[in-house]
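S.K.: Once you've had a glance at the structure underneath, I'll fire off some questions.
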Amino acid sequence: MTQMEDRFARHGATLRRQLERLYGASHDVALLWTRIEAAMRAGAAARPAALQALDLARVADPDWFVAPDMIGYSTYVDRYAGTVAGMTARVNHLESLGVRYLHVLALLKARAGDSDGGFAVADYLSVEPALGTMADVEALAARLRAGRISLCVDLALNHTADDHAWALAAKAGDPFYRHFYITLDADEAAAREAMLPQVFPTTAPGNFTHVPAMGGQVWTTFYPFQWDLNWANPEVMLAMIETMLRLANHGFEAFRLDSTAFLWKQAGTDCRNRPEAHFIVRALRAALDIAAPATLLKAEAIVPTAFVPPYFGADEGQGFEPECHLVYNNSLMVAGWVALAERSAALPAAIVAVSGGLPRGANWLTYARCHDDIGWGAVLADLRGIDAAPEARLAAAARYLEGAGDSWARGEPFQSDGSTLHGTNGMLASLAGLEAAADDDAREAAFRRIALLNALAIAGGGVATTYMGDELGMTNDHGYRDDPARRHEGRWLHRPVIDWTALDGAAAARIGGDLARLRQARIASGGAGAPVPIATDDPALLAIGCGTDAVCLNFSDAPVPLPHAGEDRLTGAPVAGMLDGWQVAWIAGVRA
């Protein structure tokens, strides 16, 4: 049996089950299967030899990405190096950080004009022209593979731009492509609207947009120029499988699946986290497992922790069906910022406690900051288990991180006003106090808080990913307000152009050194995968089991008692008794 036939035998039944669940009641699944099988065989046949070799290596080592040295980096190409070719020339910086996974944001061709930061995609198979070409991407991917770095790209599954070829054909009256989108009359749209939360209530209220050329209200969950795809149409499934395989053959080794929670629309529900959304992603995973098994899927599921585990997969009665290899541990990130504001480890301790139990071949993606805001709503459900008034508690944390009172933080509210609480923007250094630091003591405290949040991500066991410029201590980019094309979008506050002169500065030396020590400590501990909670006696102290070690994080500015003694891998010195304010101790061998 050939490798391809073996993979069909192992994963074909899983793919077929998803198609039956999604389309069996209304479509000819046998015909759909024949067409999808042909697409997978064509994609596999077109796969370059180097990627076929990578497929074989990763089939033999399916847990390759659940490893202590899996450190990631996330950036916009233009903000990092101008172009894809420029990024290729700066891979050495990523190698110096020990990066094994690179997520390039908003790389694919976006709509003209406002594009939600590049996430309104006009062409899945082309690069944004100002950044380069797909040939440049292939050169970048080859350079990254030589450095054992996997390239990840965003794949917006929920929607396309309104100037995507499919949308243009739909507006022109093509009945085939009209069914790629969801158009309702005014009454039905109003009835659906009553059940639907709003993602951007301030800048893009509502979930529908009147489009005269479509003859009604087009479903637009995010912005009016982002048209939701109709995944109830199996042609969308086939088109997306073909798209993924073509992108994988260009050298992308991971896809960040944007907005996975929104994929399936069902009347009478809030259209979030529906079972069918999981069937869609499992079908895509099975198709990749057959035709391009070196490729990872990562879910952007910014939902309460209780809703996250199904994105790794589930057993529906016929054995475990894998879904995404990676899922953002968004709640842990938010909890870290709440902990800093409150000087209490209560919320991150609760998130760590429910972050275990990962299936084999799955891992978290952990991080301190990213291109998006700190979205407070995602942890409301987690807080309701430990606080009677979680909204007020989160609002207080947000105000503190946005500079209220004597706060050292310099974040800014996003989509929030006096009556709503949505998110907070800001670079890691600004939120941790470096921007506001007026003396050496304040700078030292800020560096400690930066290391604390990085330690939470790294000790969290996942693919710990640094956001562009955070390794250099870059602060908020207030200049976006002077740019007419960007000033309406507050998240540009933390999307600066990388200042490469900062690489030689004191902040970069301090933060980079701390990151290197944390990474080496995790490698030495053998820790990877889900974090393990360790009980402590102080409410400000979080303790996480990582491999053989205990990692202790003090979220207050006062000393706290340590539950263990031993050698600190970060300093090489013995630790016992107390841990200073905003400090981390990585205690070796206490869990061996």
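Identifiers in the structure tokens: chain A, B, ... in order shown; residue index from 1 per chain; ligand index from 1 in order shown.
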Might you pull out every residue within 7 Å of Met468 in chain A, with only C-alpha atoms counted and same-chain residues fewer than 2 positions away left off, and present them as an NGL selection string?

M.R.: :A and (74-75 or 466 or 470)

S.K.: Take the selection from the previous step and output its residues with N, CA and C atoms, as an mmCIF file, in the first residue's frame.

M.R.:
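File produced: part23.cif:
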data_model
loop_
_atom_site.group_PDB
_atom_site.id
_atom_site.type_symbol
_atom_site.label_atom_id
_atom_site.label_comp_id
_atom_site.auth_asym_id
_atom_site.auth_seq_id
_atom_site.Cartn_x
_atom_site.Cartn_y
_atom_site.Cartn_z
ATOM 1 N N SER A 74 5.059 35.968 16.069
ATOM 2 C CA SER A 74 3.933 36.419 15.264
ATOM 3 C C SER A 74 4.176 37.854 14.825
ATOM 4 N N THR A 75 3.954 38.143 13.528
ATOM 5 C CA THR A 75 4.236 39.480 13.026
ATOM 6 C C THR A 75 3.493 39.758 11.726
ATOM 7 N N THR A 466 5.861 34.892 20.830
ATOM 8 C CA THR A 466 6.174 36.299 21.068
ATOM 9 C C THR A 466 5.595 37.138 19.935
ATOM 10 N N ASP A 470 7.734 42.916 20.907
ATOM 11 C CA ASP A 470 7.713 42.707 22.352
ATOM 12 C C ASP A 470 9.062 42.222 22.870
#

S.K.: Identify, with DSSP run on backbone atoms, the residues in range 295-510 of chain A assigned to alpha helix (DSSP H), and express the list as a PyMOL selection string.

M.R.: chain A and resi 330-342+346-353+380-384+390-401+428-432+440-459+506-510

S.K.: Would you list the contacts of range 586-588 of chain A as a ChimeraX atom specification, taking every protein, DNA or RNA residue within 7 Å and counting only C-alpha atoms, but skipping same-chain residues closer than 2 positions in sequence?

M.R.: /A:548-552,566-570,584,590

S.K.: Any idea what's packed within 9 Å of His103 in chain A, counting only C-alpha atoms, ignoring anything in its chain fewer than 3 positions away? Could you give it as a VMD selection string?

M.R.: chain A and resid 72 to 76 150 to 154 254 to 256 465

S.K.: Quick one: everything within 7 Å of range 114-128 of chain A, counting only C-alpha atoms, minus sequence neighbours fewer than 6 positions away in the same chain. Send it as a PyMOL selection string.

M.R.: chain A and resi 106-108+134+156+160-161+163-164+226+247

S.K.: Considering only C-alpha atoms, return as a list in words whatever protein or nucleic-acid residues lie within 10 Å of Ala261 in chain A, sequence-local ones (same chain, fewer than 3 positions apart) excluded.

M.R.: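 Selected residues are Asn158, Leu257, Asp258, Trp264, Cys271, Arg272, Asn273, Arg274, Pro275, Glu276, Ala277, His278, Ala299, Glu300, Ala301, Ile302, Val303, Phe307, Val308 and Tyr311 of chain A.
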
S.K.: Going by DSSP on the backbone, which bits of range 230-262 of chain A are strand (DSSP E or B)? Write them as a ChimeraX atom specification, please.

M.R.: /A:254-258

S.K.: Rank nothing, just name the residue among A:Leu421, A:Ala457, A:Leu238, A:Ile290 nearest to Asn330 in chain A, using only C-alpha atoms.

M.R.: A:Ala457

S.K.: Quick one: distance from CA of Ala306 in chain A to CA of Ala339 in chain A in Å, one decimal?

M.R.: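 Separation of CA of Ala306 in chain A and CA of Ala339 in chain A: 20.1 Å.
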
S.K.: Nearest to Ala130 in chain A: which of A:His93, A:His478, A:Arg192, A:Lys109 is it, counting only C-alpha atoms?

M.R.: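 Once distances to Ala130 in chain A are computed over only C-alpha atoms, the minimum belongs to A:Lys109.
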
S.K.: Determine, for each residue of range 315-382 of chain A having at least one atom at most 9 Å from an atom of range 393-417 of chain A, the closest pair of atoms and their separation in Å to one decimal, counting only C-alpha atoms; order by chain and ascending number, as JSON lines.

M.R.:
{"residue": "A:Trp337", "atom": "CA", "partner": "A:Ala397", "partner_atom": "CA", "distance": 7.9}
{"residue": "A:Val338", "atom": "CA", "partner": "A:Ala397", "partner_atom": "CA", "distance": 5.7}
{"residue": "A:Ala339", "atom": "CA", "partner": "A:Ala397", "partner_atom": "CA", "distance": 8.5}
{"residue": "A:Leu340", "atom": "CA", "partner": "A:Ala397", "partner_atom": "CA", "distance": 8.6}
{"residue": "A:Ala341", "atom": "CA", "partner": "A:Ala397", "partner_atom": "CA", "distance": 5.4}
{"residue": "A:Glu342", "atom": "CA", "partner": "A:Ala397", "partner_atom": "CA", "distance": 6.7}
{"residue": "A:Asp373", "atom": "CA", "partner": "A:Phe414", "partner_atom": "CA", "distance": 7.1}
{"residue": "A:Ile374", "atom": "CA", "partner": "A:Phe414", "partner_atom": "CA", "distance": 8.8}
{"residue": "A:Gly375", "atom": "CA", "partner": "A:Phe414", "partner_atom": "CA", "distance": 8.8}
{"residue": "A:Trp376", "atom": "CA", "partner": "A:Leu394", "partner_atom": "CA", "distance": 6.7}
{"residue": "A:Gly377", "atom": "CA", "partner": "A:Leu394", "partner_atom": "CA", "distance": 8.5}
{"residue": "A:Val379", "atom": "CA", "partner": "A:Leu394", "partner_atom": "CA", "distance": 8.9}
{"residue": "A:Leu380", "atom": "CA", "partner": "A:Leu394", "partner_atom": "CA", "distance": 8.1}

S.K.: Using only C-alpha atoms, pick whichever of A:Leu263, A:Ala455, A:Leu332, A:Met244 has the shortest atom-to-atom distance to Ala521 in chain A.

M.R.: A:Ala455

S.K.: Which residues come within 9 Å of range 347-359 of chain A, counting only C-alpha atoms, excluding same-chain residues fewer than 4 positions away, as a VMD selection string?

M.R.: chain A and resid 305 to 306 309 312 to 313 322 329 331 to 336 338 to 339 363 to 364 379 382 to 383 386 456 460 529 to 535 541 to 544

S.K.: Please build the interface table for range 191-250 of chain A against range 140-145 of chain A with a cut-off of 12 Å, listing for each qualifying residue the nearest atom pair and the distance in Å to one decimal; count only C-alpha atoms, order rows by chain and increasing number, and write it as CSV.

M.R.:
residue,atom,partner,partner_atom,distance
A:Leu247,CA,A:Ala141,CA,11.5
A:Ala248,CA,A:Ala141,CA,10.6
A:Asn249,CA,A:Ala141,CA,10.6
A:His250,CA,A:Ala141,CA,8.0
